[in-house]
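Structure first, commentary second.
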Amino acid sequence: MPGADRVIVIGAGIGGLTTAIALRREGVKAEVFERREEPSRLLTGGGFMLWHNAILALRRVGLDTRVAAAGERISFHEFRSSSGRRLARWRIDPKAEECGAPAIALRRSDLNGILMQEAGEAVHLGARFTSFDQDADGVTAHFEDGSSVRGDVLIGADGLRSSVRGAMRRWHEAPPRHAGYTAWQAITRLPGEDLVPTGTFFNLWGRGLRFLYCRLNEHEVYWDAITSDRVRDRFDTIRYGKGHALTEAYRDWPGPIPRIVASTAEDAILPIEIFDRPPGERWGDGRVTLVGDAAHPMTLNLSQGAGQAIESAITLGGLLASAPSPQAALRDYEERRRDRTADMVDTSWWIGSMGRPRGALACGLRNAFMRATFGTFAYRQSYSLMLDTGFEF
Ligand SMILES: Cc1cc2nc3c(=O)[nH]c(=O)nc-3n(C[C@H](O)[C@H](O)[C@H](O)COP(=O)(O)OP(=O)(O)OC[C@H]3O[C@@H](n4cnc5c(N)ncnc54)[C@H](O)[C@@H]3O)c2cc1C
């Protein structure tokens, strides 16, 4: 008999959908309950990197080829200063050969669309989770409209401000931690490769400002402008708009950047405050656990939040389908995932903190440090962290 016959998943993001897909492939009845009512609301968002580990994890559920085909393969990751000086350049293809999976950039909506299609009838929209009760025989999830569902296991895949996490009230834990910066995310239509070549992920570092960009396909480029709080505080977006504030902030940056910002429609720019949770808090209790950002939210600096959500979902799906009891499977899952995700959270936080200083001296020293280490030591360390997934592919 499998560890669980019926699994309730809260949240139809990348983590929840992948968990349900993994479980259903193992023959477990998994259902996803999502607060949003319109499928189109789930198919939004900017651009996105999926590193090799995420593609390898998706292979476990047979989705690696489809997801990779929806995106653009990345061959180089280039770090530059805000004057355009190259600090380091990573060659990605040899690593892709070595581990057997590419790194790709794609639209978040394309990834969500593939997962939604695969999860199919398992997804119930317009179901806002509010609370749960559990006893020796199972767990009951309650929804805002007064309905309830009963299952063997409840998985909170409901993101950074998880209500499932909140319903395990006895943790009394601190709220998510603000990283001290904002990501302004957008996709713009910019055909032709003159300004932005295909296959390179650009990562520029300035004084309290960063700018990431990458071609998504022959027509579109995605970008994230990352502004530390003290820079952002000077923006008057109410009077002049987001595009104007960012155009001013990046006015003197290398060639493509002012053009990329200027080409973007005002309503395509989405400011996102960046948060994580310091590792160490518990994820589960009895028949309840968490996956993805609900469990291990991290800053965007390693481009690994979704990758880790996918890895956690695959691990959890496999264990739940085979363990002798649901509770044993959940504790085993939490144990297996704790250290790896903690390393990701900490490393990502540390990288993000290097982007916050505004002083010329501090930024000059940081750039010198990046020039000295990012092409060699940091490259090796990043890859060893990324590919040390803890499971066989
Ligand atoms: C600017 C930015 C850039 C990023 N770039 C990358 C990148 O390049 N690569 C990468 O791997 N990661 C990246 N990430 C991280 C990635 O976006 C997240 O880690 C990932 O989306 C988490 O997925 P999730 O399913 O855990 O949570 P979410 O995507 O937050 O999904 C949670 C779902 O739960 C639903 N929900 C919430 N509450 C309830 C409720 N009470 N009842 C029912 N449903 C509920 C929500 O509506 C939502 O659909 C980035 C993040 C940011 C902010």
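Ordering of the structure tokens sets the chain letters (A, B, ...); residue numbers start at 1 within each chain; ligands are numbered from 1 in the order shown.
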Contact table segment 63-114 of chain A vs segment 50-54 of chain A, cut-off 6 Å, shortest pair per residue, only C-alpha atoms, as a Markdown table:
```
| residue | atom | partner | partner_atom | distance |
| --- | --- | --- | --- | --- |
| A:Ala101 | CA | A:His52 | CA | 5.3 |
| A:Pro102 | CA | A:His52 | CA | 5.4 |
| A:Ala103 | CA | A:Trp51 | CA | 4.4 |
| A:Ile104 | CA | A:Leu50 | CA | 5.3 |
```
Kindly save the residues from that selection, with C-alpha atoms included, as an mmCIF file, in the first residue's frame.
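Result file follows (part00.cif):
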```
data_model
loop_
_atom_site.group_PDB
_atom_site.id
_atom_site.type_symbol
_atom_site.label_atom_id
_atom_site.label_comp_id
_atom_site.auth_asym_id
_atom_site.auth_seq_id
_atom_site.Cartn_x
_atom_site.Cartn_y
_atom_site.Cartn_z
ATOM 1 C CA ALA A 101 20.666 18.999 -19.524
ATOM 2 C CA PRO A 102 20.680 22.597 -20.808
ATOM 3 C CA ALA A 103 20.091 25.830 -18.907
ATOM 4 C CA ILE A 104 17.216 27.761 -20.452
#
```
>> For the structure I just gave you, how does DSSP split segment 241-371 of chain A - specifically, which residues are alpha helix (DSSP H)? Reply as a ChimeraX atom specification.
In response: /A:242-249,256-262,305-322,326-353,360-371
Around ligand 1, which protein and nucleic acid residues have at least one atom no more than 7 Å from it, if we count only C-alpha atoms and all ligand atoms? List them as a PDB file with C-alpha atoms, in the first residue's frame.
```pdb
ATOM      1  CA  ILE A  10      -2.829  24.027  -1.915  1.00  0.00           C
ATOM      2  CA  GLY A  11      -1.591  26.373  -4.670  1.00  0.00           C
ATOM      3  CA  ALA A  12      -1.225  25.910  -8.432  1.00  0.00           C
ATOM      4  CA  GLY A  13       2.182  27.543  -8.815  1.00  0.00           C
ATOM      5  CA  ILE A  14       5.254  25.709 -10.087  1.00  0.00           C
ATOM      6  CA  GLY A  15       5.715  23.844  -6.789  1.00  0.00           C
ATOM      7  CA  GLY A  16       2.109  22.677  -6.361  1.00  0.00           C
ATOM      8  CA  PHE A  33      -6.757  23.776  -4.887  1.00  0.00           C
ATOM      9  CA  GLU A  34      -5.965  27.268  -6.131  1.00  0.00           C
ATOM     10  CA  ARG A  35      -7.452  30.547  -4.907  1.00  0.00           C
ATOM     11  CA  ARG A  36      -7.397  32.242  -8.306  1.00  0.00           C
ATOM     12  CA  LEU A  42      -1.992  31.783 -13.452  1.00  0.00           C
ATOM     13  CA  GLY A  47      11.011  35.857 -17.846  1.00  0.00           C
ATOM     14  CA  PHE A  48      12.752  33.135 -16.038  1.00  0.00           C
ATOM     15  CA  MET A  49      15.919  30.985 -15.925  1.00  0.00           C
ATOM     16  CA  LEU A  50      15.768  27.278 -15.347  1.00  0.00           C
ATOM     17  CA  ALA A 127     -10.691  27.496  -3.894  1.00  0.00           C
ATOM     18  CA  ARG A 128      -9.077  29.689  -1.230  1.00  0.00           C
ATOM     19  CA  PHE A 129      -7.653  27.608   1.629  1.00  0.00           C
ATOM     20  CA  THR A 130      -8.249  28.992   5.128  1.00  0.00           C
ATOM     21  CA  ALA A 157       2.455  25.005  -2.056  1.00  0.00           C
ATOM     22  CA  ASP A 158       0.920  28.413  -1.573  1.00  0.00           C
ATOM     23  CA  GLY A 159       3.952  30.618  -1.886  1.00  0.00           C
ATOM     24  CA  LEU A 160       5.903  33.122   0.195  1.00  0.00           C
ATOM     25  CA  SER A 162       1.655  30.607   2.784  1.00  0.00           C
ATOM     26  CA  SER A 163      -1.669  30.245   4.581  1.00  0.00           C
ATOM     27  CA  ALA A 183      13.175  43.711  -8.732  1.00  0.00           C
ATOM     28  CA  GLN A 185      10.570  42.763 -13.936  1.00  0.00           C
ATOM     29  CA  ASP A 224      15.047  42.614 -14.175  1.00  0.00           C
ATOM     30  CA  ILE A 272       8.434  42.994  -6.873  1.00  0.00           C
ATOM     31  CA  ILE A 274      12.267  40.656  -2.659  1.00  0.00           C
ATOM     32  CA  VAL A 291       6.863  22.805  -0.796  1.00  0.00           C
ATOM     33  CA  GLY A 292       8.423  25.596  -2.904  1.00  0.00           C
ATOM     34  CA  ASP A 293       8.342  29.185  -1.660  1.00  0.00           C
ATOM     35  CA  ALA A 294       6.010  28.197   1.176  1.00  0.00           C
ATOM     36  CA  PRO A 297      11.590  31.083  -0.250  1.00  0.00           C
ATOM     37  CA  MET A 298      14.843  32.558  -1.510  1.00  0.00           C
ATOM     38  CA  THR A 299      15.988  35.752  -3.199  1.00  0.00           C
ATOM     39  CA  LEU A 300      16.301  35.741  -6.989  1.00  0.00           C
ATOM     40  CA  SER A 303      17.701  31.929 -10.224  1.00  0.00           C
ATOM     41  CA  GLN A 304      16.921  28.842  -8.199  1.00  0.00           C
ATOM     42  CA  GLY A 305      13.595  29.476  -6.391  1.00  0.00           C
ATOM     43  CA  ALA A 306      11.572  27.602  -8.988  1.00  0.00           C
ATOM     44  CA  GLY A 307      14.370  25.087  -9.526  1.00  0.00           C
ATOM     45  CA  GLN A 308      14.277  24.236  -5.843  1.00  0.00           C
ATOM     46  CA  ALA A 309      10.477  24.130  -5.845  1.00  0.00           C
TER      47      ALA A 309
END
```
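Among A:Ala69, A:Leu17, A:Ile8, A:Ala225, the residue with the shortest atom-to-atom distance to Phe202 of chain A, counting only C-alpha atoms, is A:Ala225.
You can rank A:Arg340, A:Arg189, A:Arg59, A:His244 by their closest distance to Asn217 of chain A using only C-alpha atoms, and at the top of that list sits A:Arg189.
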> Near Ala141 of chain A, within 8 Å and counting only C-alpha atoms, which residues show up once chain neighbours fewer than 6 positions away are dropped, as a count of residues only?
Replying inline: 10
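Shortest atom-to-atom contact with Asn367 of chain A among A:Thr341, A:Asn112, A:Ser81, A:Thr18: A:Ser81, counting only C-alpha atoms.
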> Contacts of Glu335 of chain A at 12 Å or less, counting only C-alpha atoms, minus same-chain residues fewer than 4 places along, as JSON, numbers by chain?
Replying inline: {"A": [280, 282, 283, 284, 289, 312, 315, 316, 319, 328, 329, 330, 331, 339, 340, 341, 342, 390]}
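Excluding Val67 of chain A and any residue on its chain fewer than 6 positions from it, the residues at most 9 Å away by only C-alpha atoms are Ile55, Leu58, Ile104, Leu106, Asp110, Leu111 and Ile114 of chain A.
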>> For Arg25 of chain A, find every residue with an atom within 10 Å (counting only C-alpha atoms), except residues of its own chain fewer than 5 positions away, and show them as JSON, numbers by chain.
In response: {"A": [20, 30, 60, 61, 62, 317, 318, 321]}
> With only C-alpha atoms as the basis for distance, which of A:Ala372, A:Leu387, A:Arg366, A:Ile21 is at the shortest distance from Leu115 of chain A?
Replying inline: A:Ile21
> For Ala105 of chain A, which of A:Arg215, A:His142, A:Arg80, A:His124 is the closest residue, counting only C-alpha atoms?
Replying inline: A:Arg215
> From the list A:Asp145, A:Asp346, A:Glu78, A:Glu220, which residue is nearest Gly375 of chain A when using only C-alpha atoms?
Replying inline: A:Glu78
> Can you list, as a PyMOL selection string, every protein, DNA or RNA residue that comes within 9 Å of Arg259 of chain A when you count only C-alpha atoms, leaving out same-chain residues fewer than 4 positions away?
Replying inline: chain A and resi 195+247+255+263-264
Write the residues you've just listed into a file as a PDB file, in the first residue's frame, and include N, CA and C atoms for each of them.
```
ATOM      1  N   LEU A 195      21.054  44.286 -30.665  1.00  0.00           N
ATOM      2  CA  LEU A 195      21.209  44.802 -29.303  1.00  0.00           C
ATOM      3  C   LEU A 195      21.412  43.693 -28.293  1.00  0.00           C
ATOM      4  N   THR A 247      14.406  54.716 -16.496  1.00  0.00           N
ATOM      5  CA  THR A 247      15.180  55.322 -17.584  1.00  0.00           C
ATOM      6  C   THR A 247      16.228  56.269 -17.007  1.00  0.00           C
ATOM      7  N   GLY A 255      25.149  50.546 -23.716  1.00  0.00           N
ATOM      8  CA  GLY A 255      24.260  50.625 -24.864  1.00  0.00           C
ATOM      9  C   GLY A 255      22.875  50.028 -24.777  1.00  0.00           C
ATOM     10  N   SER A 263      12.153  50.744 -24.484  1.00  0.00           N
ATOM     11  CA  SER A 263      11.249  50.017 -25.394  1.00  0.00           C
ATOM     12  C   SER A 263      10.097  49.333 -24.652  1.00  0.00           C
ATOM     13  N   THR A 264      10.125  49.395 -23.322  1.00  0.00           N
ATOM     14  CA  THR A 264       9.158  48.612 -22.536  1.00  0.00           C
ATOM     15  C   THR A 264       7.924  49.431 -22.185  1.00  0.00           C
TER      16      THR A 264
END
```
